[in-house]
Amino acid sequence: MSALPLATLAPRSTPPGEDWRARVSRAFSRAAPRYVERAVAQRVMAEPLLSRLPPRAERVLDLGCGPGEMAASLARHFGRGCTVSGLDLAPGMLEVARRTHGDAARWLCGDAAALPLGDASQDLVVSNLAIQWCPDLDAVMAELRRVLRPGGRALVNTLGPGTLAEVGRAWSRPDQPAGLLAFRDATCHRQAARAAGFDRLDCRTRAMRFHYPDLAAVMTSIKGIGAQPSRPEGRLTRADLARAARRYETQREPEGLPVTYRLMTLELYA
């Protein structure tokens, strides 16, 4: 039985290190060839960011650019006078971005907690559903503040507590809770932004719910945000799958099996 994605990559308590970076890089590189096809929810959740773009910017970073869809959109939005950089930790994602979008952006392989960019070098940073994977939020916020010029802005989508609650209920057992990421709340982000020196952080939170026909479709959709098997051996038995399917069916709605994301849209002002 092939593995299905159950749990996200790194709980908040996991310390940053090469092992964590390697796991993230491998997981997203594996997902890269079919990421665009599967990441329907991610595209919908990007819309609040795109609706808040300023009319002009000369230097823009797409942080966690994946296969490059948003970076290419930013390049079209701001035109020839703008240099867009798309940064991702996963080489496989960047390979797809280069192949699909060519020189629409500069494609950079790097870590959100150690950006390969100069101080005060960016007018705008945009990031859609990337920083929840980063165990050191303080370091990420400090790097965002460092690379933004005075008066610059960051537009960031991340995920808050309650995300994937239905998945957690389906896979949990009394003696074994589902190994889902400990999503950070708005207070954590405000504290990290304040410590990094941002002048202001505006945070909007909303629940976004998507529906799927069956458990297999749910789990395929979650793979688009980098979910991984919770078992060390990375394999599930038929009994595991059947049990989870029965538990998920108790949550079925007329539209299908629900998956809820608690989307937090952050605006940070340097």
# chains A, B, ... in the order shown; residues from 1 in each chain; ligands from 1
$ select_by_dssp --residues "segment 71-243 of chain A" --states "alpha helix (DSSP H)" --output "JSON, numbers by chain"
{"A": [71, 72, 73, 74, 75, 76, 77, 78, 91, 92, 93, 94, 95, 96, 97, 98, 99, 100, 101, 137, 138, 139, 140, 141, 142, 143, 144, 145, 146, 147, 165, 166, 167, 168, 169, 170, 171, 186, 187, 188, 189, 190, 191, 192, 193, 194, 195, 196, 215, 216, 217, 218, 219, 220, 221, 222, 223, 238, 239, 240, 241, 242, 243]}
$ select_by_dssp --residues "segment 9-136 of chain A" --states "strand (DSSP E or B)" --output "list in words"
Arg59, Val60, Leu61, Asp62, Leu63, Thr83, Val84, Ser85, Gly86, Leu87, Asp88, Arg106, Trp107, Leu108, Cys109, Asp111, Ala114, Gln122, Asp123, Leu124, Val125, Val126, Ser127 and Asn128 of chain A
$ residues_around --residues "Gly197 of chain A" --least-positions-apart "5" --cutoff "9 Å" --atoms "only C-alpha atoms" --output "list in words"
Met141, Ala142, Arg145, Ala192 and Ala270 of chain A
$ closest_residue --among "A:Glu37, A:Asp202, A:Asp123, A:Asp240" --to "Lys223 of chain A" --atoms "only C-alpha atoms"
A:Glu37
$ residues_around --residues "Thr250 of chain A" --least-positions-apart "4" --cutoff "9 Å" --atoms "only C-alpha atoms" --output "number ranges by chain"
A: 170, 245-246
